[in-house]
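Q: Contents of model-v8.pdb (PDB, C-alpha atoms):
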ATOM      1  CA  THR I  29      16.056  -9.706  -7.731
ATOM      2  CA  GLU I  30      13.654 -12.198  -6.187
ATOM      3  CA  ASN I  31      14.022 -12.341  -2.404
ATOM      4  CA  PHE I  32      11.725 -15.330  -2.024
ATOM      5  CA  VAL I  33       9.408 -17.499  -4.108
ATOM      6  CA  SER I  34       6.665 -19.341  -2.224
ATOM      7  CA  GLU I  35       5.645 -22.922  -2.833
ATOM      8  CA  GLN I  36       2.138 -21.996  -1.638
ATOM      9  CA  ASP I  37      -0.542 -20.203  -3.619
ATOM     10  CA  ALA I  38      -2.131 -16.890  -2.660
ATOM     11  CA  ALA I  39      -5.238 -18.549  -1.206
ATOM     12  CA  PHE I  40      -3.057 -20.367   1.342
ATOM     13  CA  TYR I  41      -1.920 -17.061   2.842
ATOM     14  CA  ALA I  42      -5.438 -15.625   2.669
ATOM     15  CA  ARG I  43      -6.754 -18.548   4.728
ATOM     16  CA  LEU I  44      -3.847 -18.191   7.168
ATOM     17  CA  TYR I  45      -4.614 -14.505   7.747
ATOM     18  CA  GLN I  46      -8.309 -15.294   8.105
ATOM     19  CA  SER I  47      -7.588 -17.986  10.707
ATOM     20  CA  GLN I  48      -5.761 -15.366  12.790
ATOM     21  CA  ASN I  49      -8.351 -12.622  12.144
ATOM     22  CA  ILE I  50      -5.745 -10.405  10.475
ATOM     23  CA  ARG I  51      -7.595  -7.918   8.277
ATOM     24  CA  GLY I  52      -6.355  -5.513   5.621
ATOM     25  CA  GLY I  53      -3.471  -7.537   4.184
ATOM     26  CA  HIS I  54      -2.290  -6.540   0.712
ATOM     27  CA  ILE I  55      -2.505  -8.468  -2.541
ATOM     28  CA  ILE I  56      -0.451  -6.660  -5.202
ATOM     29  CA  LEU I  57      -0.600  -7.578  -8.885
ATOM     30  CA  LEU I  58       3.030  -7.078  -9.894
ATOM     31  CA  ASN I  59       2.581  -8.073 -13.536
ATOM     32  CA  PRO I  60       1.106  -5.220 -15.624
ATOM     33  CA  LYS I  61      -1.911  -5.896 -17.803
ATOM     34  CA  GLN I  62       0.189  -6.082 -20.962
ATOM     35  CA  SER I  63       2.305  -8.883 -19.456
ATOM     36  CA  GLU I  64       1.787 -12.455 -20.646
ATOM     37  CA  PHE I  65       1.612 -13.431 -16.964
ATOM     38  CA  TYR I  66      -1.140 -10.963 -15.991
ATOM     39  CA  GLU I  67      -4.077 -13.371 -16.273
ATOM     40  CA  ALA I  68      -2.309 -15.993 -14.130
ATOM     41  CA  THR I  69      -1.474 -13.306 -11.570
ATOM     42  CA  LYS I  70      -5.066 -12.079 -11.536
ATOM     43  CA  ALA I  71      -6.360 -15.638 -11.121
ATOM     44  CA  GLN I  72      -4.232 -16.040  -7.977
ATOM     45  CA  ALA I  73      -5.583 -12.750  -6.631
ATOM     46  CA  ILE I  74      -9.197 -13.768  -7.241
ATOM     47  CA  LYS I  75      -8.549 -17.076  -5.432
ATOM     48  CA  ALA I  76      -7.186 -15.230  -2.400
ATOM     49  CA  LEU I  77     -10.127 -12.810  -2.321
ATOM     50  CA  GLY I  78     -12.537 -15.724  -2.466
ATOM     51  CA  ALA I  79     -10.708 -17.518   0.348
ATOM     52  CA  TYR I  80     -10.993 -14.513   2.683
ATOM     53  CA  PRO I  81     -13.957 -12.338   1.629
ATOM     54  CA  ARG I  82     -13.732  -8.712   2.817
ATOM     55  CA  GLY I  83     -10.452  -9.427   4.588
ATOM     56  CA  LEU I  84      -7.862  -8.295   2.040
ATOM     57  CA  GLN I  85      -7.042  -5.232  -0.036
ATOM     58  CA  ILE I  86      -5.838  -5.414  -3.640
ATOM     59  CA  GLY I  87      -3.690  -3.124  -5.771
ATOM     60  CA  GLY I  88      -1.749  -3.059  -9.015
ATOM     61  CA  GLY I  89      -3.225  -1.594 -12.203
ATOM     62  CA  ILE I  90      -6.518  -0.701 -10.529
ATOM     63  CA  ASN I  91      -8.810   1.796 -12.271
ATOM     64  CA  ALA I  92     -12.491   2.772 -12.272
ATOM     65  CA  GLU I  93     -13.274   0.147 -14.911
ATOM     66  CA  ASN I  94     -11.798  -2.938 -13.208
ATOM     67  CA  ALA I  95     -12.140  -1.932  -9.533
ATOM     68  CA  PRO I  96     -15.767  -3.127  -9.148
ATOM     69  CA  GLU I  97     -14.781  -6.624 -10.324
ATOM     70  CA  PHE I  98     -12.318  -6.977  -7.439
ATOM     71  CA  ILE I  99     -14.796  -5.654  -4.884
ATOM     72  CA  GLU I 100     -17.374  -8.144  -6.181
ATOM     73  CA  ALA I 101     -14.741 -10.889  -5.897
ATOM     74  CA  GLY I 102     -14.428 -10.141  -2.187
ATOM     75  CA  ALA I 103     -11.853  -7.356  -1.739
ATOM     76  CA  GLN I 104     -12.197  -5.218   1.367
ATOM     77  CA  ALA I 105     -10.805  -2.311  -0.679
ATOM     78  CA  VAL I 106      -8.862  -1.489  -3.832
ATOM     79  CA  ILE I 107      -5.497   0.306  -3.626
ATOM     80  CA  VAL I 108      -4.801   3.000  -6.233
ATOM     81  CA  THR I 109      -1.793   5.149  -7.158
ATOM     82  CA  SER I 110      -1.007   5.758 -10.825
ATOM     83  CA  TYR I 111      -4.642   6.014 -11.930
ATOM     84  CA  VAL I 112      -5.186   8.941  -9.571
ATOM     85  CA  PHE I 113      -1.796  10.652  -9.800
ATOM     86  CA  LYS I 114      -1.269  11.330 -13.505
ATOM     87  CA  ASP I 115       0.792  13.876 -15.427
ATOM     88  CA  GLY I 116       2.443  15.086 -12.252
ATOM     89  CA  CYS I 117      -0.610  15.932 -10.158
ATOM     90  CA  VAL I 118      -3.853  14.653  -8.652
ATOM     91  CA  ASN I 119      -6.305  13.747 -11.407
ATOM     92  CA  TYR I 120      -9.570  14.622  -9.701
ATOM     93  CA  GLU I 121     -11.625  13.381 -12.651
ATOM     94  CA  ASN I 122     -10.224   9.870 -12.208
ATOM     95  CA  LEU I 123     -10.472  10.158  -8.441
ATOM     96  CA  ASP I 124     -14.168  10.996  -8.729
ATOM     97  CA  LYS I 125     -14.690   8.124 -11.169
ATOM     98  CA  ILE I 126     -13.193   5.458  -8.939
ATOM     99  CA  LYS I 127     -14.891   6.834  -5.844
ATOM    100  CA  LYS I 128     -18.237   6.532  -7.631
ATOM    101  CA  ALA I 129     -17.319   3.072  -8.935
ATOM    102  CA  VAL I 130     -16.623   1.466  -5.555
ATOM    103  CA  GLY I 131     -17.425   4.052  -2.863
ATOM    104  CA  LYS I 132     -14.846   5.742  -0.656
ATOM    105  CA  GLU I 133     -15.355   3.009   1.964
ATOM    106  CA  HIS I 134     -13.674   0.604  -0.493
ATOM    107  CA  LEU I 135     -10.877   2.902  -1.675
ATOM    108  CA  VAL I 136      -7.311   3.103  -0.316
ATOM    109  CA  LEU I 137      -5.012   5.746  -1.781
ATOM    110  CA  ASP I 138      -1.402   4.604  -2.081
ATOM    111  CA  LEU I 139       0.936   7.578  -1.719
ATOM    112  CA  SER I 140       4.149   5.775  -2.699
ATOM    113  CA  CYS I 141       6.871   8.358  -2.294
ATOM    114  CA  ARG I 142      10.599   9.020  -2.264
ATOM    115  CA  TYR I 143      12.665  11.870  -0.879
ATOM    116  CA  ARG I 144      13.665  14.516  -3.403
ATOM    117  CA  SER I 145      16.000  17.467  -2.957
ATOM    118  CA  GLU I 146      17.014  19.582  -5.925
ATOM    119  CA  PRO I 147      17.436  23.268  -6.814
ATOM    120  CA  GLY I 148      14.212  25.164  -7.385
ATOM    121  CA  LYS I 149      12.009  22.655  -5.575
ATOM    122  CA  ASP I 150      10.969  22.252  -1.980
ATOM    123  CA  SER I 151      12.723  19.261  -0.446
ATOM    124  CA  GLY I 152      10.448  16.495   0.766
ATOM    125  CA  TYR I 153       8.728  13.210  -0.006
ATOM    126  CA  TYR I 154       7.146  13.317  -3.469
ATOM    127  CA  ILE I 155       4.575  10.838  -4.754
ATOM    128  CA  VAL I 156       5.907   8.554  -7.498
ATOM    129  CA  THR I 157       3.905   6.554 -10.048
ATOM    130  CA  ASP I 158       4.278   4.046 -12.889
ATOM    131  CA  ARG I 159       6.073   1.317 -10.975
ATOM    132  CA  TRP I 160       7.725   4.056  -8.877
ATOM    133  CA  GLN I 161       9.660   5.445 -11.843
ATOM    134  CA  LYS I 162       7.970   8.842 -12.320
ATOM    135  CA  TYR I 163       7.980  11.731  -9.853
ATOM    136  CA  THR I 164       4.839  13.818  -9.527
ATOM    137  CA  ASP I 165       4.747  17.403  -8.256
ATOM    138  CA  GLU I 166       2.657  16.279  -5.278
ATOM    139  CA  MET I 167       4.535  16.312  -1.991
ATOM    140  CA  VAL I 168       3.246  14.212   0.910
ATOM    141  CA  THR I 169       2.068  16.631   3.576
ATOM    142  CA  PRO I 170      -0.685  16.573   6.231
ATOM    143  CA  GLU I 171      -2.457  19.159   4.064
ATOM    144  CA  LEU I 172      -2.503  16.848   1.021
ATOM    145  CA  LEU I 173      -3.752  13.954   3.150
ATOM    146  CA  ASP I 174      -6.488  16.194   4.491
ATOM    147  CA  GLU I 175      -7.456  17.249   0.962
ATOM    148  CA  LEU I 176      -7.705  13.635  -0.223
ATOM    149  CA  SER I 177      -9.379  12.229   2.881
ATOM    150  CA  GLY I 178     -12.891  12.770   1.509
ATOM    151  CA  TYR I 179     -12.201  10.243  -1.255
ATOM    152  CA  CYS I 180     -10.886   7.245   0.670
ATOM    153  CA  VAL I 181     -11.103   5.128   3.805
ATOM    154  CA  GLU I 182      -7.345   4.803   4.376
ATOM    155  CA  PHE I 183      -3.900   5.835   3.138
ATOM    156  CA  LEU I 184      -1.081   3.421   2.328
ATOM    157  CA  VAL I 185       2.339   5.085   2.176
ATOM    158  CA  HIS I 186       5.288   3.204   0.690
ATOM    159  CA  ALA I 187       8.762   4.527   1.444
ATOM    160  CA  VAL I 188       9.994   3.525  -2.002
ATOM    161  CA  ASP I 189      13.748   3.880  -1.459
ATOM    162  CA  VAL I 190      13.744   1.241   1.296
ATOM    163  CA  GLU I 191      10.853  -0.921   0.059
ATOM    164  CA  GLY I 192      11.682  -4.615  -0.170
ATOM    165  CA  LYS I 193      15.146  -4.220   1.369
ATOM    166  CA  ALA I 194      14.234  -5.023   4.996
ATOM    167  CA  ASN I 195      17.159  -2.995   6.326
ATOM    168  CA  GLY I 196      15.555  -0.044   8.096
ATOM    169  CA  ILE I 197      12.590   2.314   7.962
ATOM    170  CA  GLU I 198      12.428   5.981   6.922
ATOM    171  CA  THR I 199      12.034   7.609  10.329
ATOM    172  CA  GLU I 200      11.629  11.084   8.838
ATOM    173  CA  LEU I 201       8.629   9.922   6.800
ATOM    174  CA  ALA I 202       7.107   8.186   9.828
ATOM    175  CA  ASP I 203       7.466  11.385  11.820
ATOM    176  CA  LEU I 204       5.795  13.355   9.021
ATOM    177  CA  LEU I 205       2.858  10.937   8.790
ATOM    178  CA  SER I 206       2.327  10.984  12.548
ATOM    179  CA  ALA I 207       1.002  14.547  12.264
ATOM    180  CA  TYR I 208      -2.110  13.318  10.429
ATOM    181  CA  GLU I 209      -4.975  11.694  12.352
ATOM    182  CA  LYS I 210      -8.188  11.892  10.291
ATOM    183  CA  ARG I 211      -7.826   8.572   8.457
ATOM    184  CA  PRO I 212      -5.860   5.394   9.197
ATOM    185  CA  VAL I 213      -2.370   5.519   7.679
ATOM    186  CA  THR I 214      -0.385   2.354   6.950
ATOM    187  CA  TYR I 215       3.387   2.680   6.548
ATOM    188  CA  ALA I 216       5.259   0.271   4.280
ATOM    189  CA  GLY I 217       8.932  -0.063   3.492
ATOM    190  CA  GLY I 218      12.173  -1.229   5.067
ATOM    191  CA  VAL I 219      10.862  -3.121   8.096
ATOM    192  CA  GLY I 220      13.415  -5.853   8.749
ATOM    193  CA  SER I 221      13.153  -6.566  12.477
ATOM    194  CA  MET I 222      10.998  -6.096  15.548
ATOM    195  CA  GLU I 223      13.349  -3.229  16.433
ATOM    196  CA  ASP I 224      12.266  -1.466  13.239
ATOM    197  CA  ILE I 225       8.636  -1.874  14.273
ATOM    198  CA  GLU I 226       9.377  -0.327  17.663
ATOM    199  CA  LEU I 227      11.217   2.501  15.882
ATOM    200  CA  LEU I 228       8.137   3.053  13.730
ATOM    201  CA  ARG I 229       5.984   3.112  16.850
ATOM    202  CA  LYS I 230       8.282   5.794  18.309
ATOM    203  CA  TYR I 231       8.515   8.071  15.250
ATOM    204  CA  GLY I 232       4.902   7.446  14.245
ATOM    205  CA  LYS I 233       3.748   8.429  17.752
ATOM    206  CA  GLY I 234       1.783   5.160  17.941
ATOM    207  CA  ARG I 235      -0.589   6.401  15.226
ATOM    208  CA  LEU I 236       0.630   4.390  12.227
ATOM    209  CA  ASP I 237      -0.278   0.903  11.103
ATOM    210  CA  VAL I 238       2.458  -1.114   9.408
ATOM    211  CA  THR I 239       2.648  -3.676   6.644
ATOM    212  CA  VAL I 240       5.432  -6.269   6.686
ATOM    213  CA  GLY I 241       6.325  -8.289   3.603
ATOM    214  CA  SER I 242       9.711  -9.761   2.760
ATOM    215  CA  ALA I 243      10.938  -9.499   6.364
ATOM    216  CA  LEU I 244       8.300 -11.992   7.544
ATOM    217  CA  ASP I 245       9.427 -15.585   8.053
ATOM    218  CA  LEU I 246       6.499 -16.689   5.863
ATOM    219  CA  PHE I 247       8.323 -15.000   2.980
ATOM    220  CA  GLY I 248      11.905 -15.907   3.826
ATOM    221  CA  GLY I 249      12.586 -13.157   6.377
ATOM    222  CA  SER I 250      13.492 -13.256  10.047
ATOM    223  CA  ILE I 251      10.426 -11.764  11.794
ATOM    224  CA  PRO I 252       8.309 -14.635  13.186
ATOM    225  CA  PHE I 253       4.698 -14.528  12.063
ATOM    226  CA  GLU I 254       3.731 -16.024  15.429
ATOM    227  CA  VAL I 255       5.256 -13.004  17.194
ATOM    228  CA  LEU I 256       4.037 -10.327  14.807
ATOM    229  CA  LYS I 257       0.423 -11.502  14.700
ATOM    230  CA  ASN I 258       0.087 -10.754  18.434
ATOM    231  CA  LEU I 259       1.553  -7.255  18.230
ATOM    232  CA  LYS I 260      -0.664  -4.517  19.611
TER
END
Show the structure stored in the file as structure tokens.

A:
Amino acid sequence: TENFVSEQDAAFYARLYQSQNIRGGHIILLNPKQSEFYEATKAQAIKALGAYPRGLQIGGGINAENAPEFIEAGAQAVIVTSYVFKDGCVNYENLDKIKKAVGKEHLVLDLSCRYRSEPGKDSGYYIVTDRWQKYTDEMVTPELLDELSGYCVEFLVHAVDVEGKANGIETELADLLSAYEKRPVTYAGGVGSMEDIELLRKYGKGRLDVTVGSALDLFGGSIPFEVLKNLK
């Protein structure tokens, strides 16, 4: 279901964020490479990166082979999930490859996760890959973040079960992430109001950054960009 379709192109939003000195916004290529729409999607992304050099991060189908192209096009960092978490675990060979390709200062690891509780497994938030359809055996813990911190500049953590719904955050996940302090951590998923942001501040102990998408008035939501941009 499409929540909102913009009449503006990606470069418009890139210039808007640049004009307000908002850094680290996310461009996500939602069409996979095999899609007939991929090249058009990529062209929009390249336009946005060119409009705001070193101001935006990009994700979606990123690997060691194509990551340098996006950094050269102006990305602050590339965001990676499925390339690194393969066959149920961390693929350190791929992690080493992409770190060498762009440098850890340009690499954000996306730990998209959903809560899992079933017999024979520890309950918790497990990383999911392949458009959030496949569970891995990797559970999000401060120990895992610590282990991966030498490969990246930042972590992006999507609470998959509430992503895109704008009807409440996962407070338990925010509380879990608040225990980690060695790298910046950005929480994503479920923010639908300024009250949700304050809730995230409370459960995240003031240590988490937040990304807001469909809840923003720019994208058809109710949170005013003019209010959010001044949030400290």

Q: Given the file shown, enumerate the residues that the PyMOL selection byres ((chain I and resi 109) around 9) captures and present them as a compact mmCIF listing (two decimals) with C-alpha atoms, keeping the file's coordinate frame.

A:
# COMPACT_ATOMS: atom_id res chain seq x y z
CA GLY I 87 -3.69 -3.12 -5.77
CA GLY I 88 -1.75 -3.06 -9.02
CA GLY I 89 -3.22 -1.59 -12.20
CA ILE I 90 -6.52 -0.70 -10.53
CA ILE I 107 -5.50 0.31 -3.63
CA VAL I 108 -4.80 3.00 -6.23
CA SER I 110 -1.01 5.76 -10.82
CA TYR I 111 -4.64 6.01 -11.93
CA VAL I 112 -5.19 8.94 -9.57
CA PHE I 113 -1.80 10.65 -9.80
CA LYS I 114 -1.27 11.33 -13.50
CA LEU I 137 -5.01 5.75 -1.78
CA ASP I 138 -1.40 4.60 -2.08
CA LEU I 139 0.94 7.58 -1.72
CA SER I 140 4.15 5.78 -2.70
CA ILE I 155 4.58 10.84 -4.75
CA VAL I 156 5.91 8.55 -7.50
CA THR I 157 3.90 6.55 -10.05
CA ASP I 158 4.28 4.05 -12.89

Q: Go ahead and find all residues with at least one atom no further than 10 Å from (7.3, -8.0, 7.4) in the file's coordinates, using only C-alpha atoms; report them as an MDAnalysis selection string.

A: chainID I and resid 192 194 216:222 225 238:253 256

Q: Let me know the residues the PyMOL selection byres ((chain I and resi 169) around 10) catches in the file above, as a list in words.

A: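 Applying the expression gives Gly152, Tyr153, Tyr154, Glu166, Met167, Val168, Pro170, Glu171, Leu172, Leu173, Asp174, Glu175, Leu201, Leu204, Leu205, Ala207 and Tyr208 of chain I.
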
Q: Name the closest residue to Arg144 (chain I) among the candidates I:Leu58, I:Val188, I:Cys117, I:Val130; distances are taken between atoms, counting all atoms listed in the file.

A: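 Answer, going by the shortest atom-to-atom distance: I:Val188.
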
Q: Just checking: using all atoms listed in the file, which residue out of I:Phe40, I:Trp160, I:Tyr66, I:Tyr215 ends up closest to Glu182 (chain I)?

A: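 Going through I:Phe40, I:Trp160, I:Tyr66, I:Tyr215 one by one, the smallest distance to Glu182 (chain I) is for I:Tyr215.
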
Q: Report the distance between CA of Glu100 (chain I) and CA of Ser34 (chain I) in Å, rounded to one decimal place.

A: 26.8 Å

Q: Could you jot down the CA of Val185 (chain I) to CA of Gly83 (chain I) separation for me, Å, one decimal place?

A: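 For CA of Val185 (chain I) relative to CA of Gly83 (chain I), the distance reads 19.5 Å.
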
Q: Considering all atoms listed in the file, can you say which of I:Arg142, I:Arg159, I:Lys233, I:His134 comes closest to Leu57 (chain I)?

A: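 Checking each candidate against Leu57 (chain I), we get I:Arg159 as the closest.
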
Q: Please identify all polymer residues within 9 Å of Gln72 (chain I), counting all atoms listed in the file, omitting same-chain residues fewer than 6 positions from it, and present them as a PyMOL selection string.

A: chain I and resi 37-39

Q: Quick one: everything within 8 Å of Ser206 (chain I), counting only C-alpha atoms, minus sequence neighbours fewer than 2 positions away in the same chain. Send it as a list in words.

A: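 Listing them by chain and then by number gives Ala202, Asp203, Leu204, Tyr208, Glu209, Tyr231, Gly232, Lys233, Gly234, Arg235 and Leu236 of chain I.
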
Q: Separation of CA of Gly78 (chain I) and CA of Asp124 (chain I), in Å?

A: 27.5 Å

Q: Which one of I:Leu176, I:Val118, I:Ala129, I:Ile56 sits closest to Pro96 (chain I) if you count all atoms listed in the file?

A: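 Nearest candidate to Pro96 (chain I) out of I:Leu176, I:Val118, I:Ala129, I:Ile56: I:Ala129.
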
Q: What are the centre and the three edge lengths of an axis-aligned box that wraps all atoms of region 143-147 of chain I in the file, given that 8 Å is added to every side, written as AutoDock Vina command-line options and rounded to one decimal in Å?

A:
--center_x 15.1 --center_y 17.6 --center_z -3.8 --size_x 20.8 --size_y 27.4 --size_z 21.9

Q: Calculated over all atoms listed in the file, which of the candidates I:Lys210, I:Glu223, I:Tyr80, I:Ser177 has the smallest distance to Ser47 (chain I)?

A: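 Residue with the minimum atom-to-atom distance to Ser47 (chain I): I:Tyr80.
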
Q: Using only C-alpha atoms, can you list as an MDAnalysis selection string the residues within 9 Å of (-11.4, -4.3, 5.9)?

A: chainID I and resid 51:53 82:85 103:105 134

Q: For each of I:Ala76, I:Asp115, I:Thr164, I:Lys125, take the minimum atom-to-atom distance to Asn94 (chain I), counting only C-alpha atoms, then give the residue where this is smallest.

A: I:Lys125
